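Chemist: This one is entry.pdb, PDB, C-alpha atoms and all ligand atoms.
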MODEL        1
ATOM      1  CA  MET A   1       8.419  51.559  -5.659
ATOM      2  CA  HIS A   2       7.423  52.235  -2.061
ATOM      3  CA  LEU A   3       8.925  55.504  -0.820
ATOM      4  CA  LEU A   4       8.916  55.706   2.982
ATOM      5  CA  HIS A   5       9.612  59.124   4.437
ATOM      6  CA  HIS A   6       9.524  60.852   7.798
ATOM      7  CA  GLU A   7      11.391  64.183   7.510
ATOM      8  CA  ALA A   8      10.514  66.343   4.524
ATOM      9  CA  SER A   9      14.076  65.874   3.231
ATOM     10  CA  GLU A  10      13.456  62.131   3.021
ATOM     11  CA  ASN A  11      10.682  62.582   0.512
ATOM     12  CA  ARG A  12      12.056  62.260  -2.995
ATOM     13  CA  THR A  13      10.763  63.652  -6.242
ATOM     14  CA  ASN A  14       9.538  61.459  -9.070
ATOM     15  CA  GLU A  15      12.560  62.684 -11.033
ATOM     16  CA  GLU A  16      14.931  61.410  -8.338
ATOM     17  CA  ILE A  17      13.216  58.026  -8.367
ATOM     18  CA  LEU A  18      13.359  57.902 -12.155
ATOM     19  CA  ALA A  19      17.055  58.781 -12.042
ATOM     20  CA  LEU A  20      17.607  55.864  -9.651
ATOM     21  CA  ILE A  21      15.832  53.479 -12.019
ATOM     22  CA  GLU A  22      17.682  54.849 -15.016
ATOM     23  CA  HIS A  23      20.979  54.240 -13.263
ATOM     24  CA  VAL A  24      19.972  50.660 -12.576
ATOM     25  CA  ASN A  25      18.939  50.180 -16.177
ATOM     26  CA  GLU A  26      22.200  51.613 -17.466
ATOM     27  CA  GLY A  27      24.049  49.206 -15.199
ATOM     28  CA  MET A  28      21.968  46.287 -16.442
ATOM     29  CA  ARG A  29      22.667  47.291 -20.026
ATOM     30  CA  GLY A  30      26.380  47.514 -19.281
ATOM     31  CA  LEU A  31      26.486  51.297 -19.637
ATOM     32  CA  SER A  32      27.517  52.260 -16.115
ATOM     33  CA  LYS A  33      28.765  55.813 -15.581
ATOM     34  CA  TYR A  34      31.383  54.447 -13.169
ATOM     35  CA  ASN A  35      34.267  53.371 -15.333
ATOM     36  CA  THR A  36      37.209  53.703 -13.020
ATOM     37  CA  VAL A  37      38.564  50.203 -13.511
ATOM     38  CA  SER A  38      39.184  48.338 -16.696
ATOM     39  CA  ARG A  39      41.058  45.079 -17.151
ATOM     40  CA  GLU A  40      41.165  43.213 -20.397
ATOM     41  CA  ILE A  41      40.881  39.811 -18.734
ATOM     42  CA  TYR A  42      37.420  40.701 -17.413
ATOM     43  CA  ASP A  43      36.212  43.236 -19.968
ATOM     44  CA  THR A  44      35.724  40.391 -22.459
ATOM     45  CA  LEU A  45      33.114  38.897 -20.117
ATOM     46  CA  TRP A  46      31.014  42.053 -20.122
ATOM     47  CA  ALA A  47      27.356  41.372 -20.859
ATOM     48  CA  ASP A  48      24.366  43.506 -21.749
ATOM     49  CA  ILE A  49      21.858  41.847 -19.407
ATOM     50  CA  GLU A  50      18.868  42.963 -21.484
ATOM     51  CA  ILE A  51      16.705  43.249 -18.395
ATOM     52  CA  GLN A  52      15.354  46.604 -17.267
ATOM     53  CA  LEU A  53      13.185  47.956 -14.512
ATOM     54  CA  CYS A  54      10.267  50.211 -15.152
ATOM     55  CA  LEU A  55       7.673  51.733 -12.897
ATOM     56  CA  ALA A  56       4.342  49.923 -12.930
ATOM     57  CA  SER A  57       1.721  51.645 -15.049
ATOM     58  CA  THR A  58      -1.242  49.613 -13.716
ATOM     59  CA  ASP A  59      -1.850  48.752 -10.076
ATOM     60  CA  GLU A  60      -3.185  45.496  -8.634
ATOM     61  CA  PHE A  61      -6.763  46.653  -9.197
ATOM     62  CA  GLY A  62      -6.267  47.611 -12.812
ATOM     63  CA  GLN A  63      -6.073  51.336 -12.119
ATOM     64  CA  ALA A  64      -3.501  53.579 -13.799
ATOM     65  CA  THR A  65      -0.580  54.434 -11.523
ATOM     66  CA  ASP A  66       2.818  56.095 -11.687
ATOM     67  CA  GLY A  67       4.169  53.060  -9.834
ATOM     68  CA  ILE A  68       5.268  55.088  -6.796
ATOM     69  CA  VAL A  69       3.593  54.636  -3.404
ATOM     70  CA  ARG A  70       4.484  57.357  -0.868
ATOM     71  CA  LYS A  71       4.093  56.690   2.854
ATOM     72  CA  GLN A  72       4.498  59.454   5.426
ATOM     73  CA  LEU A  73       5.823  57.804   8.614
ATOM     74  CA  ALA A  74       5.148  59.005  12.155
ATOM     75  CA  GLY A  75       8.813  58.585  13.133
ATOM     76  CA  PRO A  76      12.201  57.666  11.679
ATOM     77  CA  ILE A  77      12.805  54.104  10.490
ATOM     78  CA  PRO A  78      15.036  52.301  13.020
ATOM     79  CA  ASP A  79      18.303  51.019  11.614
ATOM     80  CA  SER A  80      18.407  47.236  11.936
ATOM     81  CA  GLU A  81      18.572  44.306   9.578
ATOM     82  CA  LEU A  82      15.175  42.987  10.601
ATOM     83  CA  VAL A  83      13.532  46.341  10.054
ATOM     84  CA  MET A  84      15.279  46.563   6.721
ATOM     85  CA  PHE A  85      13.654  43.307   5.711
ATOM     86  CA  ASP A  86      10.334  44.360   7.041
ATOM     87  CA  MET A  87      10.153  47.766   5.426
ATOM     88  CA  ARG A  88       7.169  46.161   3.723
ATOM     89  CA  GLY A  89       5.479  46.617   7.112
ATOM     90  CA  TYR A  90       5.215  50.327   6.353
ATOM     91  CA  SER A  91       3.723  49.835   2.933
ATOM     92  CA  ASP A  92       1.938  46.683   1.809
ATOM     93  CA  ARG A  93       3.563  44.722  -0.954
ATOM     94  CA  TRP A  94       1.864  44.407  -4.291
ATOM     95  CA  ASP A  95       1.332  40.915  -5.720
ATOM     96  CA  THR A  96       4.873  39.537  -5.816
ATOM     97  CA  ASP A  97       4.086  37.310  -8.798
ATOM     98  CA  LYS A  98       3.362  40.375 -10.894
ATOM     99  CA  TYR A  99       5.506  43.140  -9.382
ATOM    100  CA  LEU A 100       8.972  43.628  -8.019
ATOM    101  CA  ASN A 101       8.412  45.593  -4.790
ATOM    102  CA  ILE A 102      11.227  47.966  -3.872
ATOM    103  CA  TRP A 103      10.990  49.773  -0.538
ATOM    104  CA  ILE A 104      13.202  52.832  -0.279
ATOM    105  CA  GLY A 105      13.775  54.922   2.842
ATOM    106  CA  SER A 106      16.345  56.750   4.950
ATOM    107  CA  LEU A 107      17.944  54.738   7.781
ATOM    108  CA  GLY A 108      21.049  56.818   8.467
ATOM    109  CA  ASP A 109      24.558  56.459   7.113
ATOM    110  CA  ASN A 110      26.756  55.206   9.958
ATOM    111  CA  THR A 111      29.068  52.307   9.178
ATOM    112  CA  GLU A 112      26.896  49.745  10.957
ATOM    113  CA  THR A 113      23.924  50.666   8.852
ATOM    114  CA  TYR A 114      22.351  48.220   6.463
ATOM    115  CA  CYS A 115      22.323  49.515   2.936
ATOM    116  CA  GLY A 116      20.231  47.043   1.026
ATOM    117  CA  VAL A 117      18.656  43.607   1.282
ATOM    118  CA  ALA A 118      16.886  41.402  -1.213
ATOM    119  CA  THR A 119      15.321  38.007  -1.443
ATOM    120  CA  ASP A 120      14.144  36.144  -4.461
ATOM    121  CA  ALA A 121      11.274  33.848  -5.301
ATOM    122  CA  THR A 122      13.130  30.711  -4.149
ATOM    123  CA  ASN A 123      14.696  32.071  -1.005
ATOM    124  CA  PRO A 124      12.350  34.026   1.246
ATOM    125  CA  HIS A 125      14.057  35.386   4.339
ATOM    126  CA  SER A 126      13.931  32.874   7.190
ATOM    127  CA  SER A 127      12.489  35.424   9.603
ATOM    128  CA  PHE A 128       9.578  36.030   7.287
ATOM    129  CA  PRO A 129       8.226  32.648   6.226
ATOM    130  CA  ASN A 130       5.298  34.283   4.483
ATOM    131  CA  GLY A 131       7.684  35.211   1.786
ATOM    132  CA  TYR A 132       9.456  38.485   1.798
ATOM    133  CA  ILE A 133      10.154  38.859  -1.886
ATOM    134  CA  GLY A 134      11.607  42.119  -3.037
ATOM    135  CA  ILE A 135      14.258  44.681  -2.269
ATOM    136  CA  SER A 136      14.740  47.224   0.521
ATOM    137  CA  LEU A 137      17.177  50.071   0.036
ATOM    138  CA  ASN A 138      18.603  52.631   2.446
ATOM    139  CA  LEU A 139      18.925  55.880   0.511
ATOM    140  CA  ASP A 140      21.317  57.303   3.133
ATOM    141  CA  CYS A 141      24.060  54.824   2.198
ATOM    142  CA  TYR A 142      26.713  55.826  -0.296
ATOM    143  CA  ASN A 143      25.944  54.879  -3.887
ATOM    144  CA  PRO A 144      22.438  53.554  -3.227
ATOM    145  CA  GLU A 145      21.985  53.380  -6.987
ATOM    146  CA  GLN A 146      24.897  50.902  -7.195
ATOM    147  CA  ILE A 147      23.588  48.922  -4.234
ATOM    148  CA  LEU A 148      20.220  48.650  -5.947
ATOM    149  CA  ILE A 149      21.880  46.941  -8.933
ATOM    150  CA  HIS A 150      23.580  44.497  -6.530
ATOM    151  CA  GLU A 151      20.259  43.752  -4.810
ATOM    152  CA  LEU A 152      18.534  43.335  -8.156
ATOM    153  CA  GLY A 153      21.208  40.719  -8.928
ATOM    154  CA  HIS A 154      20.096  38.848  -5.793
ATOM    155  CA  PHE A 155      16.448  39.197  -6.736
ATOM    156  CA  LEU A 156      17.332  37.647 -10.096
ATOM    157  CA  GLY A 157      18.914  34.663  -8.349
ATOM    158  CA  LEU A 158      22.588  35.669  -8.229
ATOM    159  CA  ASP A 159      24.818  35.107  -5.243
ATOM    160  CA  HIS A 160      27.980  36.875  -4.132
ATOM    161  CA  LEU A 161      31.046  35.731  -6.042
ATOM    162  CA  TYR A 162      32.376  33.937  -2.974
ATOM    163  CA  PHE A 163      29.331  31.656  -3.041
ATOM    164  CA  ASP A 164      28.327  31.372  -6.639
ATOM    165  CA  SER A 165      29.010  28.456  -8.954
ATOM    166  CA  ILE A 166      29.031  30.401 -12.207
ATOM    167  CA  VAL A 167      32.172  29.439 -14.130
ATOM    168  CA  ASP A 168      33.125  32.830 -15.561
ATOM    169  CA  THR A 169      33.091  34.599 -12.190
ATOM    170  CA  PRO A 170      36.414  33.956 -10.449
ATOM    171  CA  CYS A 171      36.380  32.439  -6.990
ATOM    172  CA  SER A 172      36.595  34.880  -4.121
ATOM    173  CA  ASN A 173      36.816  34.648  -0.380
ATOM    174  CA  ASN A 174      36.040  38.246   0.012
ATOM    175  CA  ALA A 175      33.397  38.900   2.607
ATOM    176  CA  ILE A 176      34.538  42.337   3.722
ATOM    177  CA  ASN A 177      32.271  45.273   4.357
ATOM    178  CA  PRO A 178      31.163  47.350   1.409
ATOM    179  CA  GLU A 179      33.665  49.898   0.154
ATOM    180  CA  PRO A 180      32.287  53.185  -1.118
ATOM    181  CA  GLU A 181      35.164  54.408  -3.278
ATOM    182  CA  CYS A 182      36.987  52.578  -6.026
ATOM    183  CA  ASN A 183      40.599  52.397  -4.901
ATOM    184  CA  ALA A 184      43.495  51.231  -7.114
ATOM    185  CA  ILE A 185      44.585  49.004  -4.212
ATOM    186  CA  PHE A 186      41.580  46.769  -4.910
ATOM    187  CA  LEU A 187      43.177  45.786  -8.217
ATOM    188  CA  GLU A 188      45.755  43.841  -6.201
ATOM    189  CA  LEU A 189      43.106  41.846  -4.363
ATOM    190  CA  ASN A 190      43.302  38.101  -4.761
ATOM    191  CA  THR A 191      41.448  36.539  -1.853
ATOM    192  CA  CYS A 192      41.099  33.121  -3.493
ATOM    193  CA  THR A 193      44.206  31.454  -4.870
ATOM    194  CA  ASP A 194      42.563  28.461  -6.568
ATOM    195  CA  LEU A 195      43.741  27.716 -10.066
ATOM    196  CA  GLU A 196      40.694  28.064 -12.261
ATOM    197  CA  ASP A 197      39.929  25.896 -15.270
ATOM    198  CA  TYR A 198      37.943  28.646 -16.963
ATOM    199  CA  TRP A 199      41.111  30.776 -17.222
ATOM    200  CA  GLY A 200      43.298  27.917 -18.365
ATOM    201  CA  GLY A 201      44.411  26.820 -14.929
ATOM    202  CA  ILE A 202      45.788  30.114 -13.626
ATOM    203  CA  ASP A 203      44.910  32.047 -10.475
ATOM    204  CA  VAL A 204      43.118  35.258 -11.458
ATOM    205  CA  PRO A 205      42.504  38.304  -9.213
ATOM    206  CA  ASP A 206      39.188  39.148  -7.581
ATOM    207  CA  MET A 207      36.667  40.553 -10.028
ATOM    208  CA  ILE A 208      36.084  43.827  -8.201
ATOM    209  CA  GLU A 209      34.312  45.144 -11.316
ATOM    210  CA  ASN A 210      31.414  42.792 -10.669
ATOM    211  CA  TYR A 211      28.176  44.073  -9.141
ATOM    212  CA  MET A 212      28.022  40.971  -6.951
ATOM    213  CA  GLU A 213      31.260  41.931  -5.193
ATOM    214  CA  TYR A 214      31.254  44.803  -2.720
ATOM    215  CA  TYR A 215      33.183  47.598  -4.347
ATOM    216  CA  GLY A 216      30.785  50.511  -4.661
ATOM    217  CA  ASN A 217      31.711  52.449  -7.724
ATOM    218  CA  CYS A 218      34.267  49.907  -9.009
ATOM    219  CA  SER A 219      31.215  47.815  -9.849
ATOM    220  CA  LYS A 220      30.206  48.140 -13.451
ATOM    221  CA  MET A 221      29.458  44.728 -14.926
ATOM    222  CA  PHE A 222      27.841  41.348 -14.802
ATOM    223  CA  THR A 223      29.398  38.494 -16.775
ATOM    224  CA  LYS A 224      27.921  36.473 -19.615
ATOM    225  CA  GLY A 225      27.571  33.545 -17.194
ATOM    226  CA  GLN A 226      25.630  35.701 -14.751
ATOM    227  CA  LYS A 227      23.430  36.894 -17.597
ATOM    228  CA  ALA A 228      22.559  33.331 -18.559
ATOM    229  CA  ALA A 229      21.817  32.510 -14.913
ATOM    230  CA  MET A 230      19.556  35.569 -14.501
ATOM    231  CA  HIS A 231      17.597  34.789 -17.663
ATOM    232  CA  GLN A 232      17.106  31.182 -16.586
ATOM    233  CA  PHE A 233      15.923  32.377 -13.204
ATOM    234  CA  VAL A 234      13.448  34.845 -14.691
ATOM    235  CA  GLU A 235      12.018  32.193 -16.995
ATOM    236  CA  ALA A 236      11.655  29.767 -14.104
ATOM    237  CA  HIS A 237      10.234  32.112 -11.471
ATOM    238  CA  TYR A 238       9.050  35.461 -12.804
ATOM    239  CA  THR A 239       7.126  34.626 -15.958
ATOM    240  CA  GLU A 240       4.001  36.384 -14.753
ATOM    241  CA  MET A 241       6.019  39.465 -14.007
ATOM    242  CA  ILE A 242       7.543  39.794 -17.443
ATOM    243  CA  GLU A 243       4.286  38.963 -19.216
ATOM    244  CA  SER A 244       2.155  41.208 -17.035
ATOM    245  CA  GLU A 245       0.569  44.214 -18.733
ATOM    246  CA  SER A 246       1.263  46.178 -15.585
ATOM    247  CA  SER A 247       4.935  46.045 -16.338
ATOM    248  CA  GLU A 248       4.728  47.587 -19.776
ATOM    249  CA  CYS A 249       7.549  50.060 -19.886
ATOM    250  CA  SER A 250       6.538  53.356 -21.387
ATOM    251  CA  ALA A 251       8.843  56.355 -21.144
ATOM    252  CA  LEU A 252      11.807  54.461 -19.799
ATOM    253  CA  SER A 253      12.037  52.003 -22.620
ATOM    254  CA  ASP A 254      12.184  54.888 -25.079
ATOM    255  CA  ILE A 255      15.078  56.401 -23.223
ATOM    256  CA  LEU A 256      17.093  53.223 -23.158
ATOM    257  CA  GLU A 257      16.267  51.760 -26.524
ATOM    258  CA  VAL A 258      19.581  50.754 -27.962
ATOM    259  CA  ASN A 259      19.962  50.987 -31.736
ATOM    260  CA  GLU A 260      16.737  52.778 -32.424
ATOM    261  CA  THR A 261      16.853  56.545 -32.135
ATOM    262  CA  LYS A 262      14.323  59.093 -33.190
ATOM    263  CA  THR A 263      16.101  62.429 -33.352
ATOM    264  CA  LEU A 264      19.610  61.226 -33.988
ATOM    265  CA  ARG A 265      21.301  60.222 -37.210
ATOM    266  CA  ILE A 266      24.832  58.913 -37.588
ATOM    267  CA  PHE A 267      26.764  57.930 -40.666
ATOM    268  CA  PRO A 268      28.648  56.199 -42.090
ATOM    269  CA  ASN A 269      28.191  53.033 -40.092
ATOM    270  CA  PRO A 270      30.520  51.131 -40.098
ATOM    271  CA  VAL A 271      32.928  54.067 -39.936
ATOM    272  CA  THR A 272      36.649  54.158 -40.652
ATOM    273  CA  ASP A 273      37.795  57.721 -39.849
ATOM    274  CA  HIS A 274      35.107  60.412 -39.424
ATOM    275  CA  LEU A 275      31.756  59.867 -37.789
ATOM    276  CA  VAL A 276      29.038  62.394 -38.624
ATOM    277  CA  VAL A 277      26.295  62.893 -36.040
ATOM    278  CA  HIS A 278      23.175  64.986 -36.672
ATOM    279  CA  SER A 279      20.474  65.848 -34.188
ATOM    280  CA  VAL A 280      17.494  68.194 -34.321
ATOM    281  CA  LYS A 281      18.708  69.842 -31.092
ATOM    282  CA  ASP A 282      21.993  70.960 -29.538
ATOM    283  CA  PHE A 283      23.563  68.116 -27.680
ATOM    284  CA  ASP A 284      26.468  66.750 -25.640
ATOM    285  CA  PHE A 285      27.752  63.365 -26.508
ATOM    286  CA  GLU A 286      30.075  60.613 -25.389
ATOM    287  CA  ILE A 287      31.445  57.631 -27.222
ATOM    288  CA  LEU A 288      31.826  54.532 -25.080
ATOM    289  CA  ASP A 289      33.632  51.372 -25.916
ATOM    290  CA  ILE A 290      32.171  47.916 -25.358
ATOM    291  CA  SER A 291      33.346  47.904 -21.740
ATOM    292  CA  SER A 292      31.662  51.257 -21.143
ATOM    293  CA  ARG A 293      34.815  53.334 -20.990
ATOM    294  CA  VAL A 294      34.249  56.842 -22.281
ATOM    295  CA  VAL A 295      36.714  57.261 -25.144
ATOM    296  CA  ILE A 296      35.470  60.575 -26.587
ATOM    297  CA  LYS A 297      33.417  63.309 -24.885
ATOM    298  CA  CYS A 298      32.203  66.525 -26.472
ATOM    299  CA  SER A 299      29.581  69.283 -26.678
ATOM    300  CA  SER A 300      28.058  70.234 -29.963
ATOM    301  CA  LYS A 301      25.557  72.347 -31.785
ATOM    302  CA  ARG A 302      23.293  70.025 -33.709
ATOM    303  CA  GLY A 303      25.892  68.455 -35.932
ATOM    304  CA  ILE A 304      29.394  67.170 -35.501
ATOM    305  CA  ASN A 305      32.014  65.454 -37.519
ATOM    306  CA  THR A 306      34.338  63.670 -35.145
ATOM    307  CA  ASN A 307      37.561  61.873 -35.849
ATOM    308  CA  VAL A 308      37.383  58.263 -34.673
ATOM    309  CA  SER A 309      40.288  56.943 -36.712
ATOM    310  CA  HIS A 310      42.393  56.390 -33.585
ATOM    311  CA  LEU A 311      39.849  53.991 -32.041
ATOM    312  CA  LEU A 312      40.530  50.281 -32.202
ATOM    313  CA  ASN A 313      38.221  48.265 -34.430
ATOM    314  CA  GLY A 314      35.073  47.135 -32.652
ATOM    315  CA  ILE A 315      31.614  48.040 -31.446
ATOM    316  CA  TYR A 316      31.050  51.435 -29.793
ATOM    317  CA  PHE A 317      28.103  53.243 -28.285
ATOM    318  CA  LEU A 318      27.296  56.862 -28.973
ATOM    319  CA  ARG A 319      25.411  58.392 -26.067
ATOM    320  CA  VAL A 320      23.784  61.749 -26.721
ATOM    321  CA  PHE A 321      22.417  63.946 -23.951
ATOM    322  CA  SER A 322      19.773  66.505 -24.726
ATOM    323  CA  GLU A 323      17.283  68.151 -22.384
ATOM    324  CA  LYS A 324      17.978  65.711 -19.533
ATOM    325  CA  LYS A 325      17.272  62.703 -21.719
ATOM    326  CA  TYR A 326      19.678  60.659 -23.695
ATOM    327  CA  GLU A 327      19.696  58.386 -26.629
ATOM    328  CA  ILE A 328      22.104  55.606 -27.380
ATOM    329  CA  THR A 329      23.040  54.176 -30.693
ATOM    330  CA  ARG A 330      25.584  51.606 -31.642
ATOM    331  CA  PHE A 331      28.168  51.857 -34.404
ATOM    332  CA  ILE A 332      31.042  49.823 -35.695
ATOM    333  CA  LYS A 333      34.574  51.097 -36.197
ATOM    334  CA  CYS A 334      36.679  49.260 -38.748
ATOM    335  CA  SER A 335      39.906  49.842 -40.633
ATOM    336  CA  SER A 336      39.805  51.206 -44.160
TER     337      SER A 336
HETATM  338 ZN    ZN B   1      24.567  41.018  -1.416
ENDMDL
END
Go ahead and render the structure in this file as structure tokens.

Modeler:
Amino acid sequence: MHLLHHEASENRTNEEILALIEHVNEGMRGLSKYNTVSREIYDTLWADIEIQLCLASTDEFGQATDGIVRKQLAGPIPDSELVMFDMRGYSDRWDTDKYLNIWIGSLGDNTETYCGVATDATNPHSSFPNGYIGISLNLDCYNPEQILIHELGHFLGLDHLYFDSIVDTPCSNNAINPEPECNAIFLELNTCTDLEDYWGGIDVPDMIENYMEYYGNCSKMFTKGQKAAMHQFVEAHYTEMIESESSECSALSDILEVNETKTLRIFPNPVTDHLVVHSVKDFDFEILDISSRVVIKCSSKRGINTNVSHLLNGIYFLRVFSEKKYEITRFIKCSS
């Protein structure tokens, strides 16, 4: 992570950078905090991508690092697409076979401003034949954490839905500018009226829930087809990166480990009516359904016994917050 800053306010703390990465990882695991839209037709395509980012723990020379390079700039970064792509000019990239380089900086928030760009291993930007590979992100844009997930999709070989050939993403002709807020009007959008075989020959609406569309905090999912495409792409192009010791995730992987929790116990599992949760500390918790909708939210002192009998049968996630960290565990609800 290359943090470029000019004004003092543009310098970000390690905690802010970690929060950005955590948000991305939650999105990749299908646990987005933005759950404003939910439609059954698309919720069934929800996928846990099982890919996460973590800060590098070893640099190119084998030295320990926190994975964050800070560059104090002499002046503000000009706002233009080319500069956006060449933010690497302010801070040298690390070996792109072993690291994903992400340059973050403040380029202003007017409507003409570029928010994020990315290129992948097969598609270096034409203006930079030496291979710009990585992501640049303008922290002044709205929802930069959502935009980072979108750009990571590009880095992992995905295209916008109006270009892609993945069967479970509906066709789209939508090439409008990014929209910051999730508006109910977007649910009506149907910019491509093709009848699609995947849905049994009907014309389905735009998938505004998808990170590869442009709907800010409507975005909350990738599909199973996109997951398969990303995994294929990683195996074809980023093997060194995933096998590299420098990418060993330490703290972050503990935070996001699904299923395995250290301080949290739940029972019974599967549950029919009352779920008992015990923790060694006071905690707040949420129960999310498989499409990441929060269905129960509560504060507690160490132990709770919560009625889940009204939930439909299926898989749920219990997310417990304690001392700025959280743990996630999965449980199954079934009828008696
Ligand atoms: Zn894009």

Chemist: Residues within 9 Å of ligand ZN 1 (chain B), counting all atoms listed in the file: report them as a PyMOL selection string.

Modeler: chain A and resi 116-118+147+150-151+153-154+158-160+212-214

Chemist: Return the single residue from A:Ser38, A:Ser9, A:Asn101, A:Ser172 that is closest to A:Cys54, with distances computed using all atoms listed in the file.

Modeler: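 Residue with the minimum atom-to-atom distance to A:Cys54: A:Asn101.
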
Chemist: Give one line per residue of stretch 142-261 of chain A that approaches stretch 83-97 of chain A to at most 8 Å, naming the two atoms of the closest pair and their distance in Å to one decimal, counting all atoms listed in the file; sort by chain then ascending residue number and deliver it as a tab-separated table.

Modeler:
residue	atom	partner	partner_atom	distance
A:Tyr238	CA	A:Asp97	CA	6.6
A:Glu240	CA	A:Asp97	CA	6.0
A:Met241	CA	A:Asp97	CA	6.0

Chemist: Write the residues of the preceding selection, restricted to C-alpha atoms, as a PDB file, in the coordinates of the input.

Modeler:
ATOM      1  CA  TYR A 238       9.050  35.461 -12.804  1.00  0.00           C
ATOM      2  CA  GLU A 240       4.001  36.384 -14.753  1.00  0.00           C
ATOM      3  CA  MET A 241       6.019  39.465 -14.007  1.00  0.00           C
TER       4      MET A 241
END

Chemist: Under the PyMOL selection byres (((chain A and resi 215-229) around 7) and not hetatm), which residues of this model are included? Write them out as a PyMOL selection string.

Modeler: chain A and resi 27+30+32+34-37+45-47+49+143+146+166-168+178-182+208-211+213-214+230-233

Chemist: Taking the point (42.1, 38.6, -2.4) as given in the file, collect each protein or nucleic acid residue that comes within 8 Å of it, counting all atoms listed in the file, and present the set as a PyMOL selection string.

Modeler: chain A and resi 172-174+188-193+205-206
